[in-house]
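Working notes, beginning with the structure itself.
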Amino acid sequence: MDKILGIDVGATGIKGNLVDLKKGITLLDRKKIKTPTHSTPESIAGIIKELIQHFDWKGKPIGIGFPAIVKNGKTLSASNIDDSWLHFEAEQYLKKSLKCPLVLVNDADAAGIAEVKFGMGKNVAGTSILLTLGTGIGSALFYNGVLVPNTEMGHLKWKDKVLEKYTSNKFREINRLSWKAWAKELNKAIDHIDFIFSPDMIILGGGISKHFVKYEQYLTKSNCPIVPAAMKNDAGIIGAAMAYHTYRNE
Ligand code: BGC
């Protein structure tokens, strides 16, 4: 099994591609379909079916990164996705609906898995943290390459809300913030995370990682290197496929 279909379910788009597990690369053109407004299990399963069809992958294994806490296949939060996913046996449901073997993991954990094996976190000793800055903020925590799943740093209490409400890319876009203004808040968040975990590397992922040069100069607060994800926005797809290989339970 060298190839797996990786799917990254996001609040705005659901992306897929075939992944070469040995090389940690995507093999074809990425296919992205808009996430439906009512992002229920039924509608998301429908879109994943379209992706399976697109890649001619019927009945074959897939790895899915999902924007929620995923514990033993059950989704335990629903910040940027329909509430019907709360306390839902999501993996079981998707297996039945899609009629294929699959593994469901948190989307940021998926991106981290890829970056730690093939990207910026490769061979980093000690603690590495990947943060995805998109509609929400996701996090993945690793110690010597081993994942501590579902850390949810985007939900650290922050002012009157939680961290992602003030530092996500969505917050930057909605408020039309300059890179400098947005990065000032992100800098404070990184300072806090750096203090709590004393990481050896912080990797920034999600769509915004490709604009890293525009805000890197404002991130001055950590005691470790801060770097953009090497696989940029593909890390989630690649890591989801890798998660199938690691966590499948056949
Ligand atoms: C969710 C996380 C997810 C992140 C990025 C947050 O709102 O709680 O589980 O990883 O968004 O999608």
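Residues in the structure tokens are numbered from 1 in each chain, the chains being A, B, ... in the order shown, and ligands are numbered from 1 in the order shown.
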Environment of ligand 1 within 6 Å, counting only C-alpha atoms and all ligand atoms, reported as a PyMOL selection string:
chain A and resi 67-69+79-80+106-108+136-138+152
Can you write just those residues out, C-alpha atoms, as a PDB file, in the first residue's frame?
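Okay, this is what ended up in out.pdb:
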```pdb
ATOM      1  CA  PRO A  67     -11.687  20.280  11.859  1.00  0.00           C
ATOM      2  CA  ALA A  68     -12.729  18.977  15.280  1.00  0.00           C
ATOM      3  CA  ILE A  69     -11.526  16.891  18.210  1.00  0.00           C
ATOM      4  CA  SER A  79     -16.550  25.025  16.299  1.00  0.00           C
ATOM      5  CA  ASN A  80     -16.393  25.585  12.558  1.00  0.00           C
ATOM      6  CA  ASN A 106      -8.044  16.050  13.590  1.00  0.00           C
ATOM      7  CA  ASP A 107      -6.975  18.239  10.644  1.00  0.00           C
ATOM      8  CA  ALA A 108      -4.111  19.994  12.434  1.00  0.00           C
ATOM      9  CA  GLY A 136     -10.037  28.485  13.170  1.00  0.00           C
ATOM     10  CA  ILE A 137      -6.689  27.713  14.729  1.00  0.00           C
ATOM     11  CA  GLY A 138      -5.634  24.096  14.968  1.00  0.00           C
ATOM     12  CA  GLU A 152      -6.735  22.447  20.623  1.00  0.00           C
TER      13      GLU A 152
END
```
Neighbouring residues of Lys74 in chain A were defined as those with any atom within 12 Å, considering only C-alpha atoms; residues of the same chain fewer than 5 positions away were excluded. Please report them as a PyMOL selection string.
chain A and resi 66+68-69+84-94+103-106
Selected residues, N, CA and C atoms, written as a PDB file, in the first residue's frame, please.
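As a result, result_36.pdb now contains:
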```pdb
ATOM      1  N   PHE A  66     -10.100  16.246   9.824  1.00  0.00           N
ATOM      2  CA  PHE A  66     -11.392  16.865  10.120  1.00  0.00           C
ATOM      3  C   PHE A  66     -11.223  17.984  11.150  1.00  0.00           C
ATOM      4  N   ALA A  68     -12.111  19.145  13.952  1.00  0.00           N
ATOM      5  CA  ALA A  68     -12.729  18.977  15.280  1.00  0.00           C
ATOM      6  C   ALA A  68     -11.880  18.006  16.094  1.00  0.00           C
ATOM      7  N   ILE A  69     -12.168  17.921  17.388  1.00  0.00           N
ATOM      8  CA  ILE A  69     -11.526  16.891  18.210  1.00  0.00           C
ATOM      9  C   ILE A  69     -12.038  15.546  17.691  1.00  0.00           C
ATOM     10  N   SER A  84     -24.273  19.043  14.293  1.00  0.00           N
ATOM     11  CA  SER A  84     -24.643  17.626  14.292  1.00  0.00           C
ATOM     12  C   SER A  84     -23.417  16.697  14.408  1.00  0.00           C
ATOM     13  N   TRP A  85     -22.206  17.259  14.290  1.00  0.00           N
ATOM     14  CA  TRP A  85     -20.998  16.436  14.454  1.00  0.00           C
ATOM     15  C   TRP A  85     -20.628  16.267  15.928  1.00  0.00           C
ATOM     16  N   LEU A  86     -21.273  17.017  16.804  1.00  0.00           N
ATOM     17  CA  LEU A  86     -20.912  16.978  18.231  1.00  0.00           C
ATOM     18  C   LEU A  86     -21.259  15.619  18.817  1.00  0.00           C
ATOM     19  N   HIS A  87     -20.285  14.982  19.457  1.00  0.00           N
ATOM     20  CA  HIS A  87     -20.498  13.657  20.085  1.00  0.00           C
ATOM     21  C   HIS A  87     -21.097  12.671  19.089  1.00  0.00           C
ATOM     22  N   PHE A  88     -20.475  12.602  17.924  1.00  0.00           N
ATOM     23  CA  PHE A  88     -21.007  11.800  16.822  1.00  0.00           C
ATOM     24  C   PHE A  88     -19.992  10.718  16.454  1.00  0.00           C
ATOM     25  N   GLU A  89     -20.489   9.505  16.221  1.00  0.00           N
ATOM     26  CA  GLU A  89     -19.596   8.397  15.806  1.00  0.00           C
ATOM     27  C   GLU A  89     -19.251   8.609  14.326  1.00  0.00           C
ATOM     28  N   ALA A  90     -18.413   9.590  14.088  1.00  0.00           N
ATOM     29  CA  ALA A  90     -18.172  10.069  12.728  1.00  0.00           C
ATOM     30  C   ALA A  90     -17.452   9.029  11.859  1.00  0.00           C
ATOM     31  N   GLU A  91     -16.435   8.411  12.423  1.00  0.00           N
ATOM     32  CA  GLU A  91     -15.667   7.460  11.604  1.00  0.00           C
ATOM     33  C   GLU A  91     -16.547   6.283  11.167  1.00  0.00           C
ATOM     34  N   GLN A  92     -17.314   5.777  12.121  1.00  0.00           N
ATOM     35  CA  GLN A  92     -18.228   4.663  11.807  1.00  0.00           C
ATOM     36  C   GLN A  92     -19.220   5.069  10.717  1.00  0.00           C
ATOM     37  N   TYR A  93     -19.798   6.260  10.906  1.00  0.00           N
ATOM     38  CA  TYR A  93     -20.796   6.760   9.952  1.00  0.00           C
ATOM     39  C   TYR A  93     -20.193   6.880   8.551  1.00  0.00           C
ATOM     40  N   LEU A  94     -18.987   7.461   8.481  1.00  0.00           N
ATOM     41  CA  LEU A  94     -18.372   7.680   7.169  1.00  0.00           C
ATOM     42  C   LEU A  94     -17.977   6.362   6.509  1.00  0.00           C
ATOM     43  N   VAL A 103      -9.700   6.242   8.031  1.00  0.00           N
ATOM     44  CA  VAL A 103      -9.320   6.729   9.360  1.00  0.00           C
ATOM     45  C   VAL A 103      -9.613   8.221   9.400  1.00  0.00           C
ATOM     46  N   LEU A 104     -10.200   8.665  10.512  1.00  0.00           N
ATOM     47  CA  LEU A 104     -10.532  10.080  10.688  1.00  0.00           C
ATOM     48  C   LEU A 104      -9.650  10.650  11.799  1.00  0.00           C
ATOM     49  N   VAL A 105      -8.973  11.764  11.523  1.00  0.00           N
ATOM     50  CA  VAL A 105      -8.136  12.404  12.551  1.00  0.00           C
ATOM     51  C   VAL A 105      -8.376  13.911  12.526  1.00  0.00           C
ATOM     52  N   ASN A 106      -7.975  14.584  13.565  1.00  0.00           N
ATOM     53  CA  ASN A 106      -8.044  16.050  13.590  1.00  0.00           C
ATOM     54  C   ASN A 106      -7.186  16.618  12.448  1.00  0.00           C
TER      55      ASN A 106
END
```
Please extract the residues of range 44-105 of chain A with a backbone DSSP assignment of alpha helix (DSSP H) and present them as a PyMOL selection string.
chain A and resi 44-54+90-98
What are the closest atom pairs, with distances in Å to one decimal, for each residue of range 158-238 of chain A lying within 12 Å of range 7-15 of chain A, using only C-alpha atoms, rows by chain and rising residue number, as a Markdown table?
```
| residue | atom | partner | partner_atom | distance |
| --- | --- | --- | --- | --- |
| A:Lys170 | CA | A:Thr12 | CA | 10.5 |
| A:Gly206 | CA | A:Gly10 | CA | 10.2 |
| A:Gly207 | CA | A:Gly10 | CA | 11.0 |
| A:Asn233 | CA | A:Asp8 | CA | 9.7 |
| A:Asp234 | CA | A:Asp8 | CA | 8.7 |
| A:Ala235 | CA | A:Asp8 | CA | 9.2 |
| A:Gly236 | CA | A:Asp8 | CA | 5.7 |
| A:Ile237 | CA | A:Asp8 | CA | 5.2 |
| A:Ile238 | CA | A:Ile7 | CA | 8.3 |
```
If you keep C-alpha atoms, can you produce a file of those selected residues as an mmCIF file, in the first residue's frame?
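out25.cif was written with the following content:
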```cif
data_model
loop_
_atom_site.group_PDB
_atom_site.id
_atom_site.type_symbol
_atom_site.label_atom_id
_atom_site.label_comp_id
_atom_site.auth_asym_id
_atom_site.auth_seq_id
_atom_site.Cartn_x
_atom_site.Cartn_y
_atom_site.Cartn_z
ATOM 1 C CA LYS A 170 -10.569 34.545 9.131
ATOM 2 C CA GLY A 206 -2.717 26.440 6.658
ATOM 3 C CA GLY A 207 -3.281 28.608 3.592
ATOM 4 C CA ASN A 233 -1.603 23.837 2.492
ATOM 5 C CA ASP A 234 -1.014 20.279 1.216
ATOM 6 C CA ALA A 235 0.287 19.142 4.623
ATOM 7 C CA GLY A 236 -3.268 18.323 5.777
ATOM 8 C CA ILE A 237 -3.960 16.078 2.773
ATOM 9 C CA ILE A 238 -0.603 14.297 2.981
#
```
Check the smallest atom-to-atom distance from each of A:Lys22, A:Lys184, A:Lys232, A:His245 to Gly6 in chain A using only C-alpha atoms, then report the winner.
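Residue with the minimum atom-to-atom distance to Gly6 in chain A: A:His245.
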Using only C-alpha atoms, which of A:Leu18, A:Ile226, A:Ala111, A:Leu141 sits nearest Phe197 in chain A?
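That would be A:Leu141, the residue with the smallest distance to Phe197 in chain A.
Considering the residues A:Leu28, A:Leu186, A:Ala243, A:Ala230 and counting only C-alpha atoms, Lys122 in chain A has its shortest atom-to-atom contact with A:Ala230.
Picture a line from CA of Val148 in chain A to CA of Ile190 in chain A; it runs 18.8 Å.
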Any chance you could list, as a PDB file with N, CA and C atoms, in the first residue's frame, the residues in range 47-176 of chain A that come up strand (DSSP E or B) when DSSP is run on the backbone?
```pdb
ATOM      1  N   ILE A  62      -8.968   5.496   2.556  1.00  0.00           N
ATOM      2  CA  ILE A  62      -8.746   6.947   2.589  1.00  0.00           C
ATOM      3  C   ILE A  62      -8.455   7.421   4.019  1.00  0.00           C
ATOM      4  N   GLY A  63      -7.696   8.497   4.107  1.00  0.00           N
ATOM      5  CA  GLY A  63      -7.445   9.149   5.388  1.00  0.00           C
ATOM      6  C   GLY A  63      -8.109  10.513   5.330  1.00  0.00           C
ATOM      7  N   ILE A  64      -8.811  10.873   6.419  1.00  0.00           N
ATOM      8  CA  ILE A  64      -9.554  12.140   6.415  1.00  0.00           C
ATOM      9  C   ILE A  64      -9.130  13.001   7.615  1.00  0.00           C
ATOM     10  N   GLY A  65      -8.716  14.231   7.318  1.00  0.00           N
ATOM     11  CA  GLY A  65      -8.450  15.204   8.378  1.00  0.00           C
ATOM     12  C   GLY A  65      -9.715  16.022   8.570  1.00  0.00           C
ATOM     13  N   PHE A  66     -10.100  16.246   9.824  1.00  0.00           N
ATOM     14  CA  PHE A  66     -11.392  16.865  10.120  1.00  0.00           C
ATOM     15  C   PHE A  66     -11.223  17.984  11.150  1.00  0.00           C
ATOM     16  N   VAL A  70     -11.124  14.612  17.454  1.00  0.00           N
ATOM     17  CA  VAL A  70     -11.535  13.274  16.997  1.00  0.00           C
ATOM     18  C   VAL A  70     -10.906  12.254  17.945  1.00  0.00           C
ATOM     19  N   LYS A  71     -11.743  11.666  18.779  1.00  0.00           N
ATOM     20  CA  LYS A  71     -11.221  10.701  19.747  1.00  0.00           C
ATOM     21  C   LYS A  71     -11.844   9.346  19.482  1.00  0.00           C
ATOM     22  N   LYS A  74     -14.718   9.308  17.213  1.00  0.00           N
ATOM     23  CA  LYS A  74     -15.892  10.120  17.541  1.00  0.00           C
ATOM     24  C   LYS A  74     -15.512  11.601  17.496  1.00  0.00           C
ATOM     25  N   THR A  75     -16.361  12.453  16.895  1.00  0.00           N
ATOM     26  CA  THR A  75     -16.068  13.889  16.864  1.00  0.00           C
ATOM     27  C   THR A  75     -16.664  14.541  18.124  1.00  0.00           C
ATOM     28  N   PHE A  88     -20.475  12.602  17.924  1.00  0.00           N
ATOM     29  CA  PHE A  88     -21.007  11.800  16.822  1.00  0.00           C
ATOM     30  C   PHE A  88     -19.992  10.718  16.454  1.00  0.00           C
ATOM     31  N   LEU A 102     -11.403   3.561   6.264  1.00  0.00           N
ATOM     32  CA  LEU A 102     -10.904   4.932   6.441  1.00  0.00           C
ATOM     33  C   LEU A 102     -10.496   5.197   7.883  1.00  0.00           C
ATOM     34  N   VAL A 103      -9.700   6.242   8.031  1.00  0.00           N
ATOM     35  CA  VAL A 103      -9.320   6.729   9.360  1.00  0.00           C
ATOM     36  C   VAL A 103      -9.613   8.221   9.400  1.00  0.00           C
ATOM     37  N   LEU A 104     -10.200   8.665  10.512  1.00  0.00           N
ATOM     38  CA  LEU A 104     -10.532  10.080  10.688  1.00  0.00           C
ATOM     39  C   LEU A 104      -9.650  10.650  11.799  1.00  0.00           C
ATOM     40  N   VAL A 105      -8.973  11.764  11.523  1.00  0.00           N
ATOM     41  CA  VAL A 105      -8.136  12.404  12.551  1.00  0.00           C
ATOM     42  C   VAL A 105      -8.376  13.911  12.526  1.00  0.00           C
ATOM     43  N   ASN A 106      -7.975  14.584  13.565  1.00  0.00           N
ATOM     44  CA  ASN A 106      -8.044  16.050  13.590  1.00  0.00           C
ATOM     45  C   ASN A 106      -7.186  16.618  12.448  1.00  0.00           C
ATOM     46  N   THR A 127      10.402  19.177  21.499  1.00  0.00           N
ATOM     47  CA  THR A 127       8.981  19.499  21.299  1.00  0.00           C
ATOM     48  C   THR A 127       8.793  20.348  20.040  1.00  0.00           C
ATOM     49  N   SER A 128       7.930  19.891  19.153  1.00  0.00           N
ATOM     50  CA  SER A 128       7.557  20.766  18.026  1.00  0.00           C
ATOM     51  C   SER A 128       6.050  20.958  18.037  1.00  0.00           C
ATOM     52  N   ILE A 129       5.654  22.160  17.632  1.00  0.00           N
ATOM     53  CA  ILE A 129       4.227  22.504  17.598  1.00  0.00           C
ATOM     54  C   ILE A 129       3.905  23.029  16.213  1.00  0.00           C
ATOM     55  N   LEU A 130       2.846  22.488  15.614  1.00  0.00           N
ATOM     56  CA  LEU A 130       2.362  23.054  14.353  1.00  0.00           C
ATOM     57  C   LEU A 130       1.042  23.758  14.645  1.00  0.00           C
ATOM     58  N   LEU A 131       0.916  24.977  14.153  1.00  0.00           N
ATOM     59  CA  LEU A 131      -0.346  25.714  14.283  1.00  0.00           C
ATOM     60  C   LEU A 131      -0.903  25.937  12.888  1.00  0.00           C
ATOM     61  N   THR A 132      -2.174  25.616  12.656  1.00  0.00           N
ATOM     62  CA  THR A 132      -2.784  25.945  11.366  1.00  0.00           C
ATOM     63  C   THR A 132      -3.643  27.181  11.565  1.00  0.00           C
ATOM     64  N   LEU A 133      -3.426  28.163  10.710  1.00  0.00           N
ATOM     65  CA  LEU A 133      -4.118  29.442  10.861  1.00  0.00           C
ATOM     66  C   LEU A 133      -5.094  29.615   9.708  1.00  0.00           C
ATOM     67  N   ILE A 137      -8.106  28.025  14.538  1.00  0.00           N
ATOM     68  CA  ILE A 137      -6.689  27.713  14.729  1.00  0.00           C
ATOM     69  C   ILE A 137      -6.604  26.287  15.240  1.00  0.00           C
ATOM     70  N   GLY A 138      -5.845  25.469  14.532  1.00  0.00           N
ATOM     71  CA  GLY A 138      -5.634  24.096  14.968  1.00  0.00           C
ATOM     72  C   GLY A 138      -4.214  23.954  15.472  1.00  0.00           C
ATOM     73  N   SER A 139      -3.973  22.913  16.262  1.00  0.00           N
ATOM     74  CA  SER A 139      -2.617  22.702  16.763  1.00  0.00           C
ATOM     75  C   SER A 139      -2.273  21.221  16.790  1.00  0.00           C
ATOM     76  N   ALA A 140      -0.985  20.955  16.645  1.00  0.00           N
ATOM     77  CA  ALA A 140      -0.492  19.579  16.781  1.00  0.00           C
ATOM     78  C   ALA A 140       0.800  19.652  17.581  1.00  0.00           C
ATOM     79  N   LEU A 141       0.876  18.842  18.618  1.00  0.00           N
ATOM     80  CA  LEU A 141       2.019  18.843  19.538  1.00  0.00           C
ATOM     81  C   LEU A 141       2.777  17.518  19.409  1.00  0.00           C
ATOM     82  N   PHE A 142       4.090  17.608  19.236  1.00  0.00           N
ATOM     83  CA  PHE A 142       4.919  16.404  19.085  1.00  0.00           C
ATOM     84  C   PHE A 142       6.091  16.459  20.056  1.00  0.00           C
ATOM     85  N   TYR A 143       6.422  15.305  20.608  1.00  0.00           N
ATOM     86  CA  TYR A 143       7.664  15.213  21.368  1.00  0.00           C
ATOM     87  C   TYR A 143       8.527  14.123  20.727  1.00  0.00           C
ATOM     88  N   VAL A 146       6.628  12.121  18.249  1.00  0.00           N
ATOM     89  CA  VAL A 146       5.416  11.388  18.649  1.00  0.00           C
ATOM     90  C   VAL A 146       4.304  12.393  18.964  1.00  0.00           C
ATOM     91  N   LEU A 147       3.148  12.162  18.360  1.00  0.00           N
ATOM     92  CA  LEU A 147       2.026  13.100  18.479  1.00  0.00           C
ATOM     93  C   LEU A 147       1.275  12.943  19.803  1.00  0.00           C
ATOM     94  N   VAL A 148       0.948  14.079  20.421  1.00  0.00           N
ATOM     95  CA  VAL A 148      -0.032  14.111  21.530  1.00  0.00           C
ATOM     96  C   VAL A 148      -1.310  14.654  20.890  1.00  0.00           C
ATOM     97  N   LYS A 157      -8.214  30.072  26.394  1.00  0.00           N
ATOM     98  CA  LYS A 157      -8.997  31.277  26.726  1.00  0.00           C
ATOM     99  C   LYS A 157      -8.171  32.510  26.360  1.00  0.00           C
ATOM    100  N   TRP A 158      -8.803  33.451  25.673  1.00  0.00           N
ATOM    101  CA  TRP A 158      -8.078  34.640  25.184  1.00  0.00           C
ATOM    102  C   TRP A 158      -9.022  35.826  25.274  1.00  0.00           C
ATOM    103  N   LYS A 161     -12.913  35.640  24.803  1.00  0.00           N
ATOM    104  CA  LYS A 161     -13.327  34.481  23.993  1.00  0.00           C
ATOM    105  C   LYS A 161     -12.222  33.414  24.036  1.00  0.00           C
ATOM    106  N   VAL A 162     -11.919  32.870  22.858  1.00  0.00           N
ATOM    107  CA  VAL A 162     -10.795  31.924  22.768  1.00  0.00           C
ATOM    108  C   VAL A 162      -9.829  32.427  21.699  1.00  0.00           C
TER     109      VAL A 162
END
```
Here is a test: counting only C-alpha atoms, which residue of A:Asp82, A:Glu164, A:Glu115, A:Asp2 is nearest to Met201 in chain A?
A:Glu115
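A straight line drawn from CA of Ile196 in chain A to CA of Met242 in chain A is 28.6 Å long.
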Report, in Å to a single decimal, how far apart CA of Lys3 in chain A and CA of Cys100 in chain A are.
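Rounded to one decimal, the two atoms are 14.7 Å apart.
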List the spatial neighbours of Asn169 in chain A as a ChimeraX atom specification - criterion: any atom at most 8 Å away, only C-alpha atoms, same-chain residues fewer than 3 positions off excluded.
/A:133-136,172-173,208
Resulting file, chosen residues, N, CA, C and O atoms, as an mmCIF file, in the first residue's frame:
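Written file, again29.cif:
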```cif
data_model
loop_
_atom_site.group_PDB
_atom_site.id
_atom_site.type_symbol
_atom_site.label_atom_id
_atom_site.label_comp_id
_atom_site.auth_asym_id
_atom_site.auth_seq_id
_atom_site.Cartn_x
_atom_site.Cartn_y
_atom_site.Cartn_z
ATOM 1 N N LEU A 133 -3.426 28.163 10.710
ATOM 2 C CA LEU A 133 -4.118 29.442 10.861
ATOM 3 C C LEU A 133 -5.094 29.615 9.708
ATOM 4 O O LEU A 133 -4.731 30.095 8.648
ATOM 5 N N GLY A 134 -6.320 29.166 9.903
ATOM 6 C CA GLY A 134 -7.313 29.268 8.830
ATOM 7 C C GLY A 134 -8.576 29.911 9.356
ATOM 8 O O GLY A 134 -8.523 31.000 9.933
ATOM 9 N N THR A 135 -9.717 29.219 9.154
ATOM 10 C CA THR A 135 -10.979 29.719 9.710
ATOM 11 C C THR A 135 -10.889 29.678 11.232
ATOM 12 O O THR A 135 -11.302 30.598 11.932
ATOM 13 N N GLY A 136 -10.339 28.590 11.741
ATOM 14 C CA GLY A 136 -10.037 28.485 13.170
ATOM 15 C C GLY A 136 -8.542 28.395 13.342
ATOM 16 O O GLY A 136 -7.782 28.683 12.402
ATOM 17 N N ARG A 172 -8.401 37.984 10.556
ATOM 18 C CA ARG A 172 -7.622 38.980 9.797
ATOM 19 C C ARG A 172 -8.429 39.471 8.593
ATOM 20 O O ARG A 172 -8.518 40.678 8.341
ATOM 21 N N GLU A 173 -9.048 38.528 7.879
ATOM 22 C CA GLU A 173 -9.789 38.899 6.668
ATOM 23 C C GLU A 173 -11.036 39.718 6.992
ATOM 24 O O GLU A 173 -11.269 40.762 6.388
ATOM 25 N N ILE A 208 -2.320 30.336 4.976
ATOM 26 C CA ILE A 208 -1.554 31.552 5.225
ATOM 27 C C ILE A 208 -0.040 31.304 5.281
ATOM 28 O O ILE A 208 0.761 32.243 5.232
#
```
For Gly145 in chain A, find every residue with an atom within 9 Å (counting only C-alpha atoms), except residues of its own chain fewer than 6 positions away, and show them as a ChimeraX atom specification.
/A:113,116-117,121-128
